[in-house]
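Undergrad: Following this message is one structure expressed as structure tokens.
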Amino acid sequence: MKLLTATALAALLATAAHAAPLNVPAAKKAIDAQLDRDYPALEALYKDIHAHPELGFQEVETGKTLAAQMRSLGFTVTENVGKTGVVAVLKNGDGPKILIRTELDGLPMQEKTGLPYASQATATYRDEKVFTAHACGHDIHMAAWVGTAKQLVAMKAKWKGTLVFVAQPAEELTSGARAMLADGLWDKIGGKPDYGFALHVGNGPAGEVAYKPGVLTSTSDGIDLTFIGQGGHGSMPSATIDPILMASRFVVDVQSVISREKDPSQFGVVTLGSIQGGSAGNIIPDRVRLRGTIRTQDAAVRDKILAGVQRTAKAVAAMAGAPEPELKLTPGGKMVVNDADLTARTGAVFKAAFGAKAVLQDKPGSASEDYSEFVLAGVPSVYFGIGGYAPAEIEKLKAEGKPVPTNHSPFFAPTPEPTIRTGVEAMTLAVLNVAGR
């Protein structure tokens, strides 16, 4: 049996190695012709999803919307994978099994773009009612994901194999991919995929495609820290132990781990994004809670920063004569590492299709992403980026001395056209390049 398996594998590799290269100009021409027909519906889908974001593991309606889209295209659809995830499978003869992934979730924040289709939606987050927004661009990803499925269905004569379209929940919580894998994702699709692809929109020029072999994103760790003080009247601080002062000192002092302990040539960031404490200006509270993230791209740097965060928190409390703080460091998304060979192969297609608008990145990004779980599970992958802002808008903002809004900004507003179109073109070409007849 081992000999038969090895022989079959060798035959598959030999077939792949001798397959005719993808005719990129012809394929892109066919994709664009189909896109001209599909695009209005894709933009309408995008605007509907944009206006109705749902938070991680709450993406019930979003999941239903994508499931209906995929069923209408002839995919076999399984819902509620990893709680709210969707898996859509389409078989088309013998060939590789290819994973194409999008995210489902939005963010707990208020949109301030002023778009006519801006989100006014709310949800419950950490027991509070909050506004929600697709400020990370997952709505663009979903539209491109559906658009890619439409393309590949229309081009079934041009490829063979099995498509596995995965709509993953809770990317912003960096736990949705793990949830799907723990729910038996590979068993549900008949085994691990041979290749995987995902994309992400950013604030670069729309129409551009960026790719990079090797390390692409950062590892993230969450900080949840509570300083315990002794509350009292604001006029009598000597009768209290002030946790607000401890929290303030920690926010400043922890940066010395970055500036004085970490090798300056190595990437590492500590950000505190939430401080909660107190109820009135004349009351010193007894507790203050801080939440934040740590981003690194090297295991030794990560260990150093985690140790520094722990040591600094304890030292700040000790200086104040306070009890030891409550500190929880939670691992998040691991580094996404693109397969070198597959990236080179895909990048060549991007260059042929997009010319100078296909950009080879020279360094990793600082954000984190749980697509890494699929890579760590053994799926050779290419995770690539697309620009989201019209070049004219970028130049206008620069001339006004204003920054181009980034992901997670309340003003982040990618232009649908040509961003969605570029995502569909690039993803469809990437898949055809490994599954083409």
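Just so we're on the same page: first chain in the structure tokens is A, next is B, and so on; residues restart at 1 for each chain, and ligands are numbered from 1 in the order they show up.
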Tell me which protein, DNA and RNA residues are within 7 Å of range 205-218 of chain A, counting only C-alpha atoms, leaving out same-chain ones fewer than 6 positions away, and put them as an MDAnalysis selection string.
TA: chainID A and resid 295:297 334:340 343 347 357:361 364:368 384:391 418:419 422
Undergrad: Could those residues be written to a file, using N, CA and C atoms, as a compact mmCIF listing (two decimals), in the first residue's frame?
TA:
# COMPACT_ATOMS: atom_id res chain seq x y z
N ARG A 295 2.95 42.17 19.22
CA ARG A 295 3.20 41.65 17.87
C ARG A 295 4.70 41.41 17.69
N THR A 296 5.04 40.22 17.21
CA THR A 296 6.44 39.87 16.99
C THR A 296 6.55 39.00 15.74
N GLN A 297 7.79 38.86 15.25
CA GLN A 297 8.05 38.02 14.10
C GLN A 297 9.24 37.09 14.33
N LYS A 334 -0.77 33.18 14.78
CA LYS A 334 0.66 32.95 14.53
C LYS A 334 1.06 33.60 13.20
N MET A 335 2.35 33.66 12.96
CA MET A 335 2.83 34.21 11.70
C MET A 335 2.30 33.41 10.52
N VAL A 336 1.82 34.10 9.49
CA VAL A 336 1.50 33.44 8.23
C VAL A 336 2.80 33.33 7.44
N VAL A 337 3.13 32.11 7.04
CA VAL A 337 4.36 31.87 6.27
C VAL A 337 3.95 31.31 4.91
N ASN A 338 4.16 32.09 3.88
CA ASN A 338 3.81 31.66 2.52
C ASN A 338 4.80 30.64 2.00
N ASP A 339 4.28 29.64 1.31
CA ASP A 339 5.13 28.62 0.70
C ASP A 339 5.96 29.27 -0.40
N ALA A 340 7.28 29.08 -0.34
CA ALA A 340 8.18 29.78 -1.26
C ALA A 340 7.94 29.39 -2.72
N THR A 343 4.47 30.56 -3.92
CA THR A 343 4.45 32.01 -4.07
C THR A 343 5.18 32.44 -5.33
N GLY A 347 3.30 34.35 -8.05
CA GLY A 347 3.80 35.69 -8.34
C GLY A 347 4.09 35.88 -9.82
N LYS A 357 1.76 46.58 -11.58
CA LYS A 357 0.85 46.62 -10.44
C LYS A 357 0.94 45.36 -9.57
N ALA A 358 1.74 44.40 -9.99
CA ALA A 358 2.04 43.23 -9.15
C ALA A 358 3.34 43.53 -8.42
N VAL A 359 3.25 43.64 -7.10
CA VAL A 359 4.37 44.14 -6.29
C VAL A 359 4.89 43.04 -5.37
N LEU A 360 6.18 42.77 -5.45
CA LEU A 360 6.83 41.83 -4.53
C LEU A 360 7.21 42.58 -3.26
N GLN A 361 6.58 42.22 -2.13
CA GLN A 361 6.88 42.88 -0.86
C GLN A 361 8.28 42.52 -0.39
N PRO A 364 7.80 41.71 5.97
CA PRO A 364 6.49 41.29 6.48
C PRO A 364 5.68 42.48 6.97
N GLY A 365 4.37 42.27 7.10
CA GLY A 365 3.50 43.25 7.70
C GLY A 365 3.43 43.06 9.21
N SER A 366 2.97 44.08 9.92
CA SER A 366 2.96 44.02 11.38
C SER A 366 1.68 43.42 11.95
N ALA A 367 0.61 43.35 11.15
CA ALA A 367 -0.65 42.81 11.64
C ALA A 367 -0.58 41.29 11.78
N SER A 368 -1.58 40.72 12.42
CA SER A 368 -1.64 39.27 12.63
C SER A 368 -2.92 38.71 12.02
N PHE A 384 -2.10 36.80 -0.11
CA PHE A 384 -1.62 37.99 -0.81
C PHE A 384 -2.51 39.18 -0.51
N GLY A 385 -2.04 40.36 -0.91
CA GLY A 385 -2.78 41.58 -0.62
C GLY A 385 -3.25 42.27 -1.88
N ILE A 386 -4.32 43.05 -1.75
CA ILE A 386 -4.80 43.90 -2.83
C ILE A 386 -5.00 45.31 -2.28
N GLY A 387 -4.76 46.32 -3.14
CA GLY A 387 -5.00 47.69 -2.74
C GLY A 387 -6.48 48.01 -2.76
N GLY A 388 -6.88 49.04 -1.99
CA GLY A 388 -8.29 49.35 -1.88
C GLY A 388 -8.68 50.79 -2.15
N TYR A 389 -7.71 51.69 -2.37
CA TYR A 389 -8.03 53.10 -2.55
C TYR A 389 -7.67 53.56 -3.96
N ALA A 390 -8.56 54.32 -4.57
CA ALA A 390 -8.29 54.87 -5.89
C ALA A 390 -7.02 55.73 -5.83
N PRO A 391 -6.10 55.54 -6.76
CA PRO A 391 -4.86 56.34 -6.73
C PRO A 391 -5.12 57.84 -6.65
N PRO A 418 -11.99 49.44 -8.63
CA PRO A 418 -11.78 48.07 -9.12
C PRO A 418 -11.30 47.07 -8.06
N THR A 419 -11.46 47.40 -6.77
CA THR A 419 -10.89 46.52 -5.74
C THR A 419 -11.46 45.11 -5.81
N THR A 422 -10.23 43.32 -8.93
CA THR A 422 -8.84 42.86 -8.83
C THR A 422 -8.74 41.61 -7.97
Undergrad: So that I can check the surroundings of range 82-86 of chain A, please list as JSON, numbers by chain every protein, DNA and RNA residue that reaches within 8 Å of it, counting only C-alpha atoms and ignoring chain neighbours fewer than 3 positions away.
TA: {"A": [57, 58, 59, 60, 63, 66, 67, 77, 78, 79, 104, 166, 167, 168, 169, 176, 177, 178, 179, 180, 181, 182, 183]}
Undergrad: What's around Ala317 in chain A at 12 Å? Count only C-alpha atoms, leave out sequence neighbours fewer than 2 positions away in its own chain, and write the answer as a count of residues only.
TA: 33
Undergrad: From the set A:Ala121, A:Ala143, A:Ala299, A:Leu90, which residue has the shortest atom-to-atom contact distance to Lys156 in chain A, counting only C-alpha atoms?
TA: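 Of all the options, A:Leu90 lies closest to Lys156 in chain A.
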Undergrad: Which of these residues is nearest to Lys192 in chain A, using only C-alpha atoms: A:Ala377, A:His134, A:Val309, A:Ile49?
TA: A:Ala377
Undergrad: Given only C-alpha atoms as the basis, pick out the residue of A:Val379, A:Asp263, A:Ala144, A:Cys136 nearest to Thr406 in chain A.
TA: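 Closest residue, counting only C-alpha atoms: A:Cys136.
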Undergrad: List as JSON, numbers by chain the protein and nucleic acid residues near Ile284 in chain A, meaning an atom at most 6 Å away when only C-alpha atoms are counted, but skip any in the same chain fewer than 5 places from it.
TA: {"A": [231, 232, 234]}
Undergrad: Taking 2 positions as the minimum chain separation for residues in the same chain, which residues sit within 7 Å of Lys97 in chain A when counting only C-alpha atoms? Answer as a list in words.
TA: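 Contacts, in chain order: Gly95, Leu99, Gly161, Thr162, Leu163, Pro193, Asp194 and Tyr195 of chain A.
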Undergrad: Please, could you write that set of residues out with N, CA, C and O atoms as a PDB file, in the first residue's frame?
TA:
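Here's the written file part-v3.pdb:
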ATOM      1  N   GLY A  95      -7.864  15.886  -9.626  1.00  0.00           N
ATOM      2  CA  GLY A  95      -6.946  17.009  -9.590  1.00  0.00           C
ATOM      3  C   GLY A  95      -6.736  17.458  -8.159  1.00  0.00           C
ATOM      4  O   GLY A  95      -7.237  16.835  -7.214  1.00  0.00           O
ATOM      5  N   LEU A  99      -8.065  25.079  -1.292  1.00  0.00           N
ATOM      6  CA  LEU A  99      -8.802  25.858  -0.302  1.00  0.00           C
ATOM      7  C   LEU A  99      -8.754  27.334  -0.688  1.00  0.00           C
ATOM      8  O   LEU A  99      -7.676  27.872  -0.968  1.00  0.00           O
ATOM      9  N   GLY A 161     -10.255  19.199 -10.478  1.00  0.00           N
ATOM     10  CA  GLY A 161      -9.907  19.054  -9.079  1.00  0.00           C
ATOM     11  C   GLY A 161     -11.103  19.336  -8.192  1.00  0.00           C
ATOM     12  O   GLY A 161     -12.252  19.228  -8.618  1.00  0.00           O
ATOM     13  N   THR A 162     -10.828  19.709  -6.943  1.00  0.00           N
ATOM     14  CA  THR A 162     -11.890  19.984  -5.971  1.00  0.00           C
ATOM     15  C   THR A 162     -11.657  21.340  -5.339  1.00  0.00           C
ATOM     16  O   THR A 162     -10.573  21.610  -4.811  1.00  0.00           O
ATOM     17  N   LEU A 163     -12.660  22.192  -5.416  1.00  0.00           N
ATOM     18  CA  LEU A 163     -12.606  23.499  -4.779  1.00  0.00           C
ATOM     19  C   LEU A 163     -13.226  23.418  -3.396  1.00  0.00           C
ATOM     20  O   LEU A 163     -14.304  22.852  -3.231  1.00  0.00           O
ATOM     21  N   PRO A 193      -6.403  19.909   2.114  1.00  0.00           N
ATOM     22  CA  PRO A 193      -6.181  20.476   0.787  1.00  0.00           C
ATOM     23  C   PRO A 193      -4.709  20.410   0.372  1.00  0.00           C
ATOM     24  O   PRO A 193      -3.802  20.386   1.197  1.00  0.00           O
ATOM     25  N   ASP A 194      -4.508  20.424  -0.940  1.00  0.00           N
ATOM     26  CA  ASP A 194      -3.150  20.437  -1.494  1.00  0.00           C
ATOM     27  C   ASP A 194      -2.577  21.843  -1.552  1.00  0.00           C
ATOM     28  O   ASP A 194      -1.357  22.026  -1.481  1.00  0.00           O
ATOM     29  N   TYR A 195      -3.440  22.819  -1.730  1.00  0.00           N
ATOM     30  CA  TYR A 195      -3.026  24.222  -1.805  1.00  0.00           C
ATOM     31  C   TYR A 195      -4.061  25.078  -1.082  1.00  0.00           C
ATOM     32  O   TYR A 195      -5.227  24.691  -0.960  1.00  0.00           O
TER      33      TYR A 195
END
Undergrad: Using DSSP on the backbone, list every residue of range 246-374 of chain A that comes out as alpha helix (DSSP H), and give them as a PyMOL selection string.
TA: chain A and resi 246-253+255-256+299-319+340-354+372-374
Undergrad: Pick out the residues sitting within 9 Å of His138 in chain A, and hand them over as a count of residues only; count only C-alpha atoms, and ignore anything fewer than 5 positions along from it in its own chain.
TA: 9
Undergrad: Between A:Lys188, A:Pro53, A:Tyr117, A:Lys158, single out the one closest to Phe131 in chain A, counting only C-alpha atoms.
TA: A:Pro53
Undergrad: Can you tell me, as a short mmCIF file (atom, residue, chain, number, x, y, z; two decimals) with C-alpha atoms, in the first residue's frame, what residues are no more than 8 Å from Val301 in chain A when counting only C-alpha atoms, ignoring any on the same chain fewer than 5 positions away?
TA:
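File written: around01.cif
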data_model
loop_
_atom_site.label_atom_id
_atom_site.label_comp_id
_atom_site.auth_asym_id
_atom_site.auth_seq_id
_atom_site.Cartn_x
_atom_site.Cartn_y
_atom_site.Cartn_z
CA LYS A 262 14.71 44.26 22.39
CA GLN A 266 14.06 43.01 15.33
CA PHE A 267 10.35 43.76 15.00
CA GLY A 268 8.26 43.99 18.15
CA THR A 296 6.44 39.87 16.99
#
Undergrad: Would you return as an MDAnalysis selection string the members of range 103-291 of chain A that DSSP assigns to strand (DSSP E) on this structure's backbone?
TA: chainID A and resid 103 122:125 128:131 161:168 195:205 209:211 214:215 219:228 232:233 268:277 283:284 287:291
Undergrad: Give me, please, the distance in Å between CA of Glu61 in chain A and CA of Glu417 in chain A, quoted to one decimal.
TA: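 About the pair CA of Glu61 in chain A and CA of Glu417 in chain A: they are 24.8 Å apart.
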Undergrad: Name the closest residue to Arg101 in chain A among the candidates A:Ser259, A:Asn282, A:Ser381, A:Ser220; distances are taken between atoms, counting only C-alpha atoms.
TA: A:Ser381
Undergrad: Quick one: of A:Pro108, A:Lys396, A:Trp159, A:Gly114, who's nearest to Val130 in chain A, counting only C-alpha atoms?
TA: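 Of A:Pro108, A:Lys396, A:Trp159, A:Gly114, the one nearest Val130 in chain A is A:Pro108, counting only C-alpha atoms.
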